[in-house]
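One structure is given here, and the rest of the page talks about it.
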Amino acid sequence: MSDALLNALAEALAGLVTAVETSDEEVLDPDAATAWLEDTGKVLAGLGTADRRALDRLFHEAALREPSGARRQRLLAVSEGFGLRAGGGGDAGDDAHLATVEAVAEQARRYAETVRGTDPATPVPTCPGWNLGDLTRHLGALHGWAEHLVTARPATRVRAGELPLDPPADPASYPGWFAARAEGFTAAARAADPAAPVWSPGADPYVRHYPRHVLAETVVHLADAEIALGGAAGPLDPGTAAEALDHYLTTAPYIPWIAEPLAHLDRDGAVLRLAARDSGAVWTLVLGGGGFTWSRGDGGEPATARATASTGATVATATTAVTATVTADAGDLLLLLHRRYDADDARFTLTGDRDLLDDWLAAGAL
């Protein structure tokens with residue numbers, strides 16, 4: 001069956017489901033509507049995981065072809081109504097993977113809307129030497145590169161420059177090109193098995209690495225664009241910020257230009273605490289052993305070790321005394337670690353050893 005026919009059938013089914021769900025009682029008997037939806041749900045529930053994932057992707061793409069509004073939102077809910085996402089027979093890992101993919105899609109839409117119609121020559125102060133055109137081209141190439149990786153699943157490194165990503169000649173056209181690349185990545189990631197092996201630049205050589213990586217990059221570069229155009233980044237959902245911050249801490253030990261400076265800070269045993277005032281999440285970073293360990297808790301009970309030092313060893317930090325604490329909203333903490341905001345900004349409350357924070361920021365800059 002051709003892709004065009006599959007897309008048409010999925011679009012027709014999604015539209016029919018939406019029409020049935022929203023029909024007036026005088027138009028369609030409620031009992032008949034309920035029976036039809038239940039029967040359809042039973043048929044779809046019998047699909048295997050890969051087929052459910054593929055149908056979810058087709059429904060989602062059909063929804064995104066609609067203009068923004070109530071109908072698009074109803075179409076986006078069709079997959080959940082039939083259990084094709086969370087609760088649809090997948091495991092917790094599938095659910096987390098798909099949730100991250102949806103976060104990527106949302107942040108990519110925000111980015112495209114932010115830069116569409118702007119002057120691509122606008123300087124980006126948080127990325128010295130770059131303008132908005134450079135930023136958008138970079139982010140589009142990242143999404144295209146990640147799409148290739150989750151689709152082809154190479155066992156060895158592939159660089160974005162090795163792929164035919166075909167950015168347009170006119171930088172004014174970059175936003176549309178970026179949006180297409182972002183939709184391509186999210187569609188591929190939805191359809192992919194998150195546990196499938198693929199090369200990655202860290203400790204998690206599986207497809208599930210790439211939505212996390214792309215989410216972190218998109219969130220930070222969206223902030224770059226917002227700062228360039230308006231002087232400040234917009235609000236960020238605390239859960240999305242936490243996911244991106246977790247990813248940064250997980251991958252930092254595998255990025256040589258971060259890992260090497262951190263290994264030579266000579267602050268063994270020092271503890272840096274990042275406290276999110278909007279969610280209550282707390283990250284505890286312990287330096288030492290040629291790297292660092294980190295954990296995330298809720299600010300009440302002791303933190304549970306979550307990730308690794310540069311050696312790959314996981315170490316719990318529940319009883320370690322804190323050397324310095326930074327408190328802010330989760331999104332602002334993320335941007336602080338990425339050096340998009342200065343620690344002296346009024347967003348941040350600092351207690352303890354300020355030198356520790358300065359040392360970390362100087363060593364950990366991307």
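If you're wondering about the labels, chains in the structure tokens are A, B, ... by order shown, residues count from 1 in each chain, ligands from 1 in order shown.
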Checklist entry - Could you pull the residues within 12 Å of A:Gly144, counting only C-alpha atoms, minus those fewer than 5 positions along the same chain, as JSON, numbers by chain? => result {"A": [137, 138, 139, 149, 150, 151, 158, 159, 160, 161, 162, 163, 164, 165, 166, 167, 177, 178, 179, 180, 181, 182, 183, 184, 185, 186, 187, 188, 189, 210, 214]}
Checklist entry - If you run DSSP on this backbone, which residues of stretch 135-331 of chain A come out as strand (DSSP E or B), and could you give them as a PyMOL selection string? => result chain A and resi 197+206+271-276+282-288+291-297+304-305+308+314+324-328
Next on the checklist: List the spatial neighbours of stretch 13-22 of chain A as a PyMOL selection string - criterion: any atom at most 10 Å away, only C-alpha atoms, same-chain residues fewer than 5 positions off excluded.
Outcome noted: chain A and resi 7-8+27-30+32-34+36-37+40+58-60+62-63+71-72+74-79+81
Using C-alpha atoms, can you write the selected residues to a file as a compact mmCIF listing (two decimals), in the first residue's frame?
# COMPACT_ATOMS: atom_id res chain seq x y z
CA ASN A 7 -2.03 8.90 4.69
CA ALA A 8 -5.42 9.35 3.02
CA VAL A 27 -27.73 14.02 13.58
CA LEU A 28 -26.30 10.76 14.97
CA ASP A 29 -27.83 8.44 17.56
CA PRO A 30 -25.55 8.51 20.65
CA ALA A 32 -24.84 4.04 17.60
CA ALA A 33 -21.90 6.48 17.86
CA THR A 34 -20.66 4.88 21.07
CA TRP A 36 -19.03 2.39 16.49
CA LEU A 37 -16.24 4.03 18.46
CA THR A 40 -13.17 0.67 16.21
CA LEU A 58 -0.24 9.05 10.64
CA PHE A 59 -3.01 10.49 12.84
CA HIS A 60 -0.63 13.10 14.21
CA ALA A 62 -3.02 14.40 9.55
CA ALA A 63 -3.80 16.70 12.48
CA ARG A 71 -10.44 20.84 14.91
CA ARG A 72 -6.67 20.31 14.97
CA ARG A 74 -9.59 17.21 18.40
CA LEU A 75 -7.61 15.37 15.73
CA LEU A 76 -4.50 15.38 17.91
CA ALA A 77 -6.53 13.61 20.61
CA VAL A 78 -7.63 10.71 18.39
CA SER A 79 -4.55 8.57 19.14
CA GLY A 81 -8.69 8.12 22.63
Checklist entry - Any idea what the distance is between atom CA of A:Ala324 and atom CA of A:Thr284? => result 10.0 Å
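Across the model, the gap from atom CA of A:Asp345 to atom CA of A:Pro261 is 24.4 Å.
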Checklist entry - Using the chain letters and numbers from this document, which residues of stretch 136-211 of chain A does DSSP assign to alpha helix (DSSP H), as a ChimeraX atom specification? => result /A:136-152,174-191,209-211
With the cut-off set at 10 Å and counting only C-alpha atoms, tabulate each residue of stretch 224-304 of chain A with an atom at most that distance from an atom of stretch 100-108 of chain A, showing the nearest atom pair and its distance in Å to one decimal, ordered by chain and increasing number, as a Markdown table.
| residue | atom | partner | partner_atom | distance |
| --- | --- | --- | --- | --- |
| A:Leu236 | CA | A:Gln107 | CA | 9.4 |
| A:Asp237 | CA | A:Ala103 | CA | 9.7 |
| A:Gly239 | CA | A:Ala103 | CA | 9.6 |
| A:Thr240 | CA | A:Ala103 | CA | 7.0 |
| A:Glu243 | CA | A:Thr100 | CA | 8.3 |
| A:Ala244 | CA | A:Thr100 | CA | 9.9 |
Let's have the selection written as a PDB file, in the first residue's frame, with N, CA, C and O atoms.
ATOM      1  N   LEU A 236       9.020  28.463  30.175  1.00  0.00           N
ATOM      2  CA  LEU A 236       9.231  27.084  29.760  1.00  0.00           C
ATOM      3  C   LEU A 236       8.580  26.154  30.767  1.00  0.00           C
ATOM      4  O   LEU A 236       8.746  26.331  31.978  1.00  0.00           O
ATOM      5  N   ASP A 237       7.827  25.179  30.276  1.00  0.00           N
ATOM      6  CA  ASP A 237       7.207  24.196  31.158  1.00  0.00           C
ATOM      7  C   ASP A 237       8.266  23.549  32.045  1.00  0.00           C
ATOM      8  O   ASP A 237       9.322  23.117  31.544  1.00  0.00           O
ATOM      9  N   GLY A 239       8.512  20.663  33.469  1.00  0.00           N
ATOM     10  CA  GLY A 239       8.841  19.294  33.098  1.00  0.00           C
ATOM     11  C   GLY A 239       9.750  19.230  31.890  1.00  0.00           C
ATOM     12  O   GLY A 239      10.695  18.430  31.845  1.00  0.00           O
ATOM     13  N   THR A 240       9.479  20.073  30.896  1.00  0.00           N
ATOM     14  CA  THR A 240      10.338  20.130  29.712  1.00  0.00           C
ATOM     15  C   THR A 240      11.724  20.621  30.080  1.00  0.00           C
ATOM     16  O   THR A 240      12.742  20.095  29.615  1.00  0.00           O
ATOM     17  N   GLU A 243      13.627  17.820  31.811  1.00  0.00           N
ATOM     18  CA  GLU A 243      14.101  16.817  30.846  1.00  0.00           C
ATOM     19  C   GLU A 243      15.373  17.302  30.157  1.00  0.00           C
ATOM     20  O   GLU A 243      16.343  16.543  29.994  1.00  0.00           O
ATOM     21  N   ALA A 244      15.390  18.581  29.751  1.00  0.00           N
ATOM     22  CA  ALA A 244      16.559  19.132  29.072  1.00  0.00           C
ATOM     23  C   ALA A 244      17.741  19.259  30.025  1.00  0.00           C
ATOM     24  O   ALA A 244      18.896  19.017  29.636  1.00  0.00           O
TER      25      ALA A 244
END
Checklist entry - Can you tell me, as a PyMOL selection string, what residues are no more than 10 Å from A:Asp353 when counting only C-alpha atoms, ignoring any on the same chain fewer than 4 positions away? => result chain A and resi 270-272+322-325+357-358
Item to check | Non-local contacts of A:Ala121 (9 Å; only C-alpha atoms; under 2 positions in same chain excluded) as a PyMOL selection string | outcome: chain A and resi 118-119+123+130-134+171
